[in-house]
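Input: a single structure, listed below in structure tokens.
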Amino acid sequence: MREKILAVIEKNSRIDIKDLAILLGESEVAVANEIAQMEKEHVICGYHTLINWDNTSDEKVVALIEVKVTPQRGMGFDKIAERIYQYSEVNAVYLMSGAYDFTVFIEGKTMRQVAQFVSERLSPMESVLSTATHFVLKKYKDHGTVIAAPVQDERMLITP
Amino acid sequence: MRNPLSDKVTALEPSGIRKFFDIVSEMKDAVSLGVGEPDFDTPWHIREEGIYSLEKGRTFYTSNAGLKELREEISKYLSRRIGVNYDPLHEVMITVGGSEAIDGALRAMVNPGDEVLIPQPSFVSYEPCTIMADGKPVIIELEEKDQFKLTKEKLLEKLTPKTKILVMPFPNNPTGAIMERDEMEEIAKIVVEKDLFVISDEIYSELCYRGEPVSIASFPGMRERTVVINGFSKAYAMTGWRLGYACAPSNILAQMLKIHQFAIMCAPTTSQYAAISALKNGDKDVEMMRESYNQRRRFLLHAFAEMKLDCFEPFGAFYAFPSIKRFGMTSEEFANRLLREEKVAVVPGTAFGRCGEGFLRISYAYSLESLKEALGRLAHFVRRLDGC
């Protein structure tokens with residue numbers, strides 16, 4: 001049941017527990033309990049909204065930053081990651097395999113703001129060796145959802 | 001001027017769905033529960049294979065029977081899914097949808113006057129195609145009390161010395177009925193005993209929500225007397241690609257291929273290349289879609305129960321077949337009023353045979369939001385009829 005619940009709410013976190021129970025052929029209580037349990041176990045970490053900021057009047061700049069670091073003795077990468085992810089400007093931090101160590105997503109109001117964050121906060125950290133900043137120009141698809149095009153049902157109304 | 005038309009064709013009843021379609025298409029703001037095709041787009045890897053084949057300039061004919069690689073993939077697929085082995089070179093042909101295969105199989109096997117048993121309610125083309133092949137359609141009227149399955153008794157009742165072919169339309173459009181292994185086995189025994197042939201339309205075989213798909217061709221003595229028809233439309237959401245296939249012993253298939261060769265040449269080349277990817281890489285897509293349909297199936301049945309609309313539990317395809325008998329209207333009246341008063345399009349059960357009277361075909365190949373909207377209107381309509 002767990003995987004099935006997750007598959008549905010990953011795409012639609014606003015679905016009623018009642019509807020979810022019907023879809024899965026389970027009781028409402030069982031589904032509610034399972035969700036509560038997953039929240040407790042931190043399998044479910046939050047219920048977010050996918051927003052296409054390009055369609056609002058809000059100016060927003062998102063950048064992906066490649067960060068190379070020297071891991072600290074005894075703590076590996078986790079301690080440095082924590083020092084980076086604590087900033088509210090930082091949206092996501094991933095430890096990577098390959099040519100650099102962290103991917104950091106930063107959000108700001110302007111390019112200057114993002115640049116400032118990188119030059120004043122991120123780069124000066126003692127373990128950070130280098131950064132490369134890439135600004136996001138356009139989001140096409142996010143969280144498995146195509147952002148650009150609304151879907152329309154073009155089928156004929158009646159077919160055999 | 002002489003009458004330009006064939007009497008045989010003129011006498012054919014046009015599909016009941018077509019009639020209703022004309023009414024529906026006047027209504028611009030209607031919501032629909034009336035489609036007979038998936039709401040998913042064809043998975044991208046399949047579409048891309050089609051695009052790629054066009055880019056490569058693969059715009060020629062294929063052999064009449066279809067691309068060898070596709071026939072080989074079909075053979076492997078059937079072997080793993082229904083446990084029946086077909087020689088890709090002599091026992092598999094690619095057709096323009098399952099529909100062409102139905103027509104071709106009947107024309108290849110029927111002699112004038114041969115009786116063809118057609119269980120109904122079922123897909124609209126078996127009966128007219130039988131007539132076009134100069135066969136005599138004999139209708140077996142399936143019943144809700146049997147969950148619209150074909151029973152041994154019903155089959156025996158309609159057998160005559162002239163009976164040659166039995167059409168097996170399971171999982172069924174429009175009822176959603178399936179036949180389980182033991183039920184299918186009983187039918188297979190009679191078919192062998194009475195020396196009949198079977199055209200098994202398995203186009204919905206992947207959309208089965210209880211147990212694994214069973215083909216009648218897999219029972220002892222059945223492979224040599226069965227034409228298995230399947231295709232890509234429903235399982236891979238590829239209706240517009242028009243691609244199906246027929247598998248049969250080579251003596252039958254060779255004759256079907258002759259008709260196909262003269263009438264069609266070959267199935268669309270682009271679609272054939274795309275379909276290879278469907279069979280090679282499409283298992284997880286099918287599984288995802290099946291789970292999604294199954295969820296919506298539960299949602300639909302729950303909604304019916306809440307509005308007290310009687311419906312047996314369908315375990316196949318993406319249709320439910322609720323009874324409207326308690327409202328004292330014909331299916332057509334009910335569907336017409338539902339369309340005019342609530343702007344919901346459904347298909348009257350009678351479009352699939354006379355014994356569909358008293359039922360509606362309701363499709364659940366819709367997003368949850370669309371289903372909710374349409375079912376809300378249907379519930380409103382039912383409440384009004386019930387006077388509350």
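Residues in the structure tokens are numbered from 1 in each chain, the chains being A, B, ... in the order shown, and ligands are numbered from 1 in the order shown.
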DSSP helix (DSSP H, G or I) residues within segment 41-191 of chain B, as a PyMOL selection string: chain B and resi 44-55+68-81+97-109+126-132+144-146+152-158+181-191
Write a file of the just-selected residues containing C-alpha atoms, as a PDB file, in the first residue's frame.
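Final output, saved to again_0.pdb:
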```
ATOM      1  CA  TRP B  44       7.390   8.962 -25.531  1.00  0.00           C
ATOM      2  CA  HIS B  45       9.954   6.265 -26.303  1.00  0.00           C
ATOM      3  CA  ILE B  46       7.431   4.742 -28.692  1.00  0.00           C
ATOM      4  CA  ARG B  47       6.552   8.039 -30.333  1.00  0.00           C
ATOM      5  CA  GLU B  48      10.220   8.854 -30.666  1.00  0.00           C
ATOM      6  CA  GLU B  49      10.885   5.583 -32.436  1.00  0.00           C
ATOM      7  CA  GLY B  50       8.192   6.560 -34.942  1.00  0.00           C
ATOM      8  CA  ILE B  51       9.733   9.998 -35.430  1.00  0.00           C
ATOM      9  CA  TYR B  52      13.167   8.444 -35.778  1.00  0.00           C
ATOM     10  CA  SER B  53      11.953   6.067 -38.458  1.00  0.00           C
ATOM     11  CA  LEU B  54      10.635   9.052 -40.420  1.00  0.00           C
ATOM     12  CA  GLU B  55      13.915  10.922 -39.979  1.00  0.00           C
ATOM     13  CA  LYS B  68      10.136  -9.279 -39.428  1.00  0.00           C
ATOM     14  CA  GLU B  69      11.573  -7.772 -36.268  1.00  0.00           C
ATOM     15  CA  LEU B  70       8.114  -6.703 -35.112  1.00  0.00           C
ATOM     16  CA  ARG B  71       6.673 -10.143 -35.814  1.00  0.00           C
ATOM     17  CA  GLU B  72       9.507 -11.682 -33.836  1.00  0.00           C
ATOM     18  CA  GLU B  73       8.819  -9.365 -30.906  1.00  0.00           C
ATOM     19  CA  ILE B  74       5.109 -10.229 -31.044  1.00  0.00           C
ATOM     20  CA  SER B  75       5.947 -13.913 -31.041  1.00  0.00           C
ATOM     21  CA  LYS B  76       8.164 -13.476 -27.968  1.00  0.00           C
ATOM     22  CA  TYR B  77       5.563 -11.332 -26.246  1.00  0.00           C
ATOM     23  CA  LEU B  78       2.752 -13.866 -26.734  1.00  0.00           C
ATOM     24  CA  SER B  79       4.980 -16.658 -25.621  1.00  0.00           C
ATOM     25  CA  ARG B  80       5.710 -14.918 -22.317  1.00  0.00           C
ATOM     26  CA  ARG B  81       2.219 -13.438 -21.768  1.00  0.00           C
ATOM     27  CA  GLY B  97      -5.715  -2.201 -36.021  1.00  0.00           C
ATOM     28  CA  GLY B  98      -7.486  -5.174 -34.499  1.00  0.00           C
ATOM     29  CA  SER B  99     -10.462  -4.250 -36.696  1.00  0.00           C
ATOM     30  CA  GLU B 100      -8.778  -5.296 -39.922  1.00  0.00           C
ATOM     31  CA  ALA B 101      -7.794  -8.584 -38.336  1.00  0.00           C
ATOM     32  CA  ILE B 102     -11.414  -9.263 -37.298  1.00  0.00           C
ATOM     33  CA  ASP B 103     -12.610  -8.593 -40.829  1.00  0.00           C
ATOM     34  CA  GLY B 104      -9.790 -10.587 -42.402  1.00  0.00           C
ATOM     35  CA  ALA B 105     -10.236 -13.595 -40.144  1.00  0.00           C
ATOM     36  CA  LEU B 106     -13.960 -13.789 -40.879  1.00  0.00           C
ATOM     37  CA  ARG B 107     -13.479 -13.402 -44.613  1.00  0.00           C
ATOM     38  CA  ALA B 108     -10.743 -16.009 -44.669  1.00  0.00           C
ATOM     39  CA  MET B 109     -12.764 -18.615 -42.775  1.00  0.00           C
ATOM     40  CA  TYR B 126     -18.280  -8.639 -35.516  1.00  0.00           C
ATOM     41  CA  GLU B 127     -21.825  -8.785 -36.820  1.00  0.00           C
ATOM     42  CA  PRO B 128     -21.496  -6.559 -39.923  1.00  0.00           C
ATOM     43  CA  CYS B 129     -18.152  -8.159 -40.835  1.00  0.00           C
ATOM     44  CA  THR B 130     -19.776 -11.589 -40.631  1.00  0.00           C
ATOM     45  CA  ILE B 131     -22.531 -10.431 -42.950  1.00  0.00           C
ATOM     46  CA  MET B 132     -19.996  -8.942 -45.359  1.00  0.00           C
ATOM     47  CA  GLU B 144     -25.704  -9.596 -16.150  1.00  0.00           C
ATOM     48  CA  LYS B 145     -26.467 -12.516 -13.827  1.00  0.00           C
ATOM     49  CA  ASP B 146     -23.487 -14.314 -15.402  1.00  0.00           C
ATOM     50  CA  LYS B 152     -21.199 -23.399 -21.459  1.00  0.00           C
ATOM     51  CA  GLU B 153     -25.015 -23.527 -21.435  1.00  0.00           C
ATOM     52  CA  LYS B 154     -25.395 -20.397 -23.532  1.00  0.00           C
ATOM     53  CA  LEU B 155     -22.909 -21.706 -26.076  1.00  0.00           C
ATOM     54  CA  LEU B 156     -24.544 -25.132 -26.382  1.00  0.00           C
ATOM     55  CA  GLU B 157     -27.976 -23.554 -26.784  1.00  0.00           C
ATOM     56  CA  LYS B 158     -26.970 -21.812 -30.020  1.00  0.00           C
ATOM     57  CA  ARG B 181      -9.126 -19.736 -16.632  1.00  0.00           C
ATOM     58  CA  ASP B 182     -11.663 -22.376 -15.556  1.00  0.00           C
ATOM     59  CA  GLU B 183     -14.506 -20.619 -17.357  1.00  0.00           C
ATOM     60  CA  MET B 184     -12.463 -20.341 -20.523  1.00  0.00           C
ATOM     61  CA  GLU B 185     -11.473 -23.997 -20.269  1.00  0.00           C
ATOM     62  CA  GLU B 186     -15.121 -25.128 -20.324  1.00  0.00           C
ATOM     63  CA  ILE B 187     -15.682 -23.189 -23.536  1.00  0.00           C
ATOM     64  CA  ALA B 188     -12.478 -24.539 -25.079  1.00  0.00           C
ATOM     65  CA  LYS B 189     -13.579 -28.137 -24.412  1.00  0.00           C
ATOM     66  CA  ILE B 190     -16.831 -27.599 -26.300  1.00  0.00           C
ATOM     67  CA  VAL B 191     -15.041 -25.892 -29.171  1.00  0.00           C
TER      68      VAL B 191
END
```
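The neighbours of Glu126 of chain A here are the residues that come within 9 Å of it, using only C-alpha atoms and leaving out any residue fewer than 3 positions away in the same chain; they are A:Val69, A:Thr70, A:Ser123, A:Leu129.
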Could you tell me how far atom CA of Gly353 of chain B lies from atom CA of Tyr204 of chain B, in Å and to one decimal?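 Going from atom CA of Gly353 of chain B over to atom CA of Tyr204 of chain B covers 19.2 Å.
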Would you kindly report the residues of chain A within 10 Å of chain B, using only C-alpha atoms, as a list in words?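 Every residue meeting the condition is included here: Lys4, Ala7, Val8, Asp19, Leu20, Ala21, Ile22, Leu23, Leu24, Gly25, Asp153, Glu154, Arg155, Met156, Leu157, Ile158, Thr159 and Pro160 of chain A.
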Would you list the contacts of His48 of chain A as a PDB file with N, CA and C atoms, in the first residue's frame, taking every protein, DNA or RNA residue within 12 Å and counting only C-alpha atoms, but skipping same-chain residues closer than 6 positions in sequence?
```pdb
ATOM      1  N   ILE A   9       0.306  10.376  -4.343  1.00  0.00           N
ATOM      2  CA  ILE A   9       0.466  11.709  -3.753  1.00  0.00           C
ATOM      3  C   ILE A   9       1.732  12.421  -4.222  1.00  0.00           C
ATOM      4  N   GLU A  10       2.652  11.683  -4.814  1.00  0.00           N
ATOM      5  CA  GLU A  10       3.805  12.367  -5.396  1.00  0.00           C
ATOM      6  C   GLU A  10       3.348  13.289  -6.522  1.00  0.00           C
ATOM      7  N   LYS A  11       2.275  12.884  -7.211  1.00  0.00           N
ATOM      8  CA  LYS A  11       1.732  13.689  -8.308  1.00  0.00           C
ATOM      9  C   LYS A  11       0.626  14.625  -7.841  1.00  0.00           C
ATOM     10  N   ASN A  12      -0.028  14.269  -6.761  1.00  0.00           N
ATOM     11  CA  ASN A  12      -1.180  15.054  -6.326  1.00  0.00           C
ATOM     12  C   ASN A  12      -1.294  15.009  -4.810  1.00  0.00           C
ATOM     13  N   SER A  13      -0.565  15.911  -4.148  1.00  0.00           N
ATOM     14  CA  SER A  13      -0.539  15.848  -2.683  1.00  0.00           C
ATOM     15  C   SER A  13      -1.823  16.389  -2.071  1.00  0.00           C
ATOM     16  N   ARG A  14      -2.664  17.013  -2.881  1.00  0.00           N
ATOM     17  CA  ARG A  14      -3.892  17.600  -2.338  1.00  0.00           C
ATOM     18  C   ARG A  14      -5.081  16.637  -2.385  1.00  0.00           C
ATOM     19  N   HIS A 143       9.737  18.270 -11.386  1.00  0.00           N
ATOM     20  CA  HIS A 143       9.053  17.256 -10.592  1.00  0.00           C
ATOM     21  C   HIS A 143       8.148  16.372 -11.455  1.00  0.00           C
TER      22      HIS A 143
END
```
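With only C-alpha atoms as the atoms that count, the minimum distance from Ser127 of chain A to the choices A:His42, A:Lys18, A:Lys68, A:Arg2 is reached by A:Lys68.
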Just checking: using only C-alpha atoms, which residue out of A:Met38, A:Val61, A:Leu6, A:Val67 ends up closest to Ser97 of chain A?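 So, comparing all the options, the nearest one is A:Val67.
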Assign secondary structure with DSSP using the backbone only, and return the residues of segment 165-259 of chain B in strand (DSSP E) as number ranges by chain. B: 165-168, 197-201, 226-231, 244-247
Save out the residues we just selected, N, CA and C atoms, as a CSV table (one decimal), in the first residue's frame.
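Just written: selection-v2.csv:
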```csv
chain,number,residue,atom,x,y,z
B,165,ILE,N,-17.8,-20.9,-36.5
B,165,ILE,CA,-16.9,-20.0,-35.7
B,165,ILE,C,-17.5,-19.4,-34.5
B,166,LEU,N,-16.7,-19.3,-33.4
B,166,LEU,CA,-17.1,-18.6,-32.2
B,166,LEU,C,-16.2,-17.4,-32.0
B,167,VAL,N,-16.8,-16.2,-31.9
B,167,VAL,CA,-16.1,-15.0,-31.6
B,167,VAL,C,-15.9,-14.9,-30.1
B,168,MET,N,-14.7,-14.8,-29.6
B,168,MET,CA,-14.5,-14.6,-28.1
B,168,MET,C,-14.0,-13.2,-27.8
B,197,PHE,N,-14.1,-23.3,-34.8
B,197,PHE,CA,-13.0,-22.4,-34.8
B,197,PHE,C,-13.3,-21.2,-33.9
B,198,VAL,N,-12.2,-20.5,-33.4
B,198,VAL,CA,-12.4,-19.4,-32.6
B,198,VAL,C,-11.7,-18.2,-33.1
B,199,ILE,N,-12.3,-17.0,-33.1
B,199,ILE,CA,-11.6,-15.8,-33.4
B,199,ILE,C,-11.6,-15.1,-32.0
B,200,SER,N,-10.4,-15.0,-31.4
B,200,SER,CA,-10.3,-14.5,-30.1
B,200,SER,C,-9.8,-13.1,-30.1
B,201,ASP,N,-10.7,-12.1,-29.8
B,201,ASP,CA,-10.3,-10.7,-29.8
B,201,ASP,C,-9.7,-10.3,-28.5
B,226,THR,N,-7.6,-21.5,-33.5
B,226,THR,CA,-7.9,-20.2,-33.0
B,226,THR,C,-7.1,-19.1,-33.8
B,227,VAL,N,-7.8,-18.0,-34.1
B,227,VAL,CA,-7.1,-16.9,-34.6
B,227,VAL,C,-7.0,-15.9,-33.4
B,228,VAL,N,-5.8,-15.6,-32.9
B,228,VAL,CA,-5.7,-14.6,-31.8
B,228,VAL,C,-5.5,-13.3,-32.4
B,229,ILE,N,-6.3,-12.3,-32.0
B,229,ILE,CA,-6.2,-10.9,-32.5
B,229,ILE,C,-5.9,-10.0,-31.3
B,230,ASN,N,-4.9,-9.2,-31.5
B,230,ASN,CA,-4.5,-8.3,-30.5
B,230,ASN,C,-3.9,-7.0,-31.2
B,231,GLY,N,-3.4,-6.1,-30.4
B,231,GLY,CA,-2.9,-4.9,-31.1
B,231,GLY,C,-2.3,-4.0,-30.1
B,244,GLY,N,-2.5,-3.4,-35.3
B,244,GLY,CA,-2.9,-4.6,-34.6
B,244,GLY,C,-2.2,-5.8,-35.2
B,245,TYR,N,-2.5,-7.0,-34.8
B,245,TYR,CA,-2.0,-8.2,-35.4
B,245,TYR,C,-2.9,-9.4,-35.2
B,246,ALA,N,-2.6,-10.4,-36.1
B,246,ALA,CA,-3.3,-11.6,-36.0
B,246,ALA,C,-2.3,-12.7,-35.9
B,247,CYS,N,-2.6,-13.7,-35.1
B,247,CYS,CA,-1.7,-14.9,-35.0
B,247,CYS,C,-2.6,-16.1,-35.2
```
Just checking: using only C-alpha atoms, which residue out of B:Gly66, B:Pro88, B:Gly376, B:Pro314 ends up closest to Met265 of chain B?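 Checking each candidate against Met265 of chain B, we get B:Gly66 as the closest.
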With distances taken over only C-alpha atoms, which of A:Val43, A:Ala30, A:Trp53, A:Ala92 is nearest to Tyr140 of chain A? A:Trp53
Which polymer residues have any atom within 7 Å of an atom of Phe315 of chain B, counting only C-alpha atoms, with same-chain residues fewer than 3 positions away left out, as a list of chain:residue names? B:Gly176, B:Ala177, B:Ile178, B:Cys208, B:Tyr209, B:Arg210
Which residue is closest to Asp285 of chain B? Choose from B:Ala237, B:Ala365, B:Ala263, B:Asp386 and count only C-alpha atoms. B:Ala237
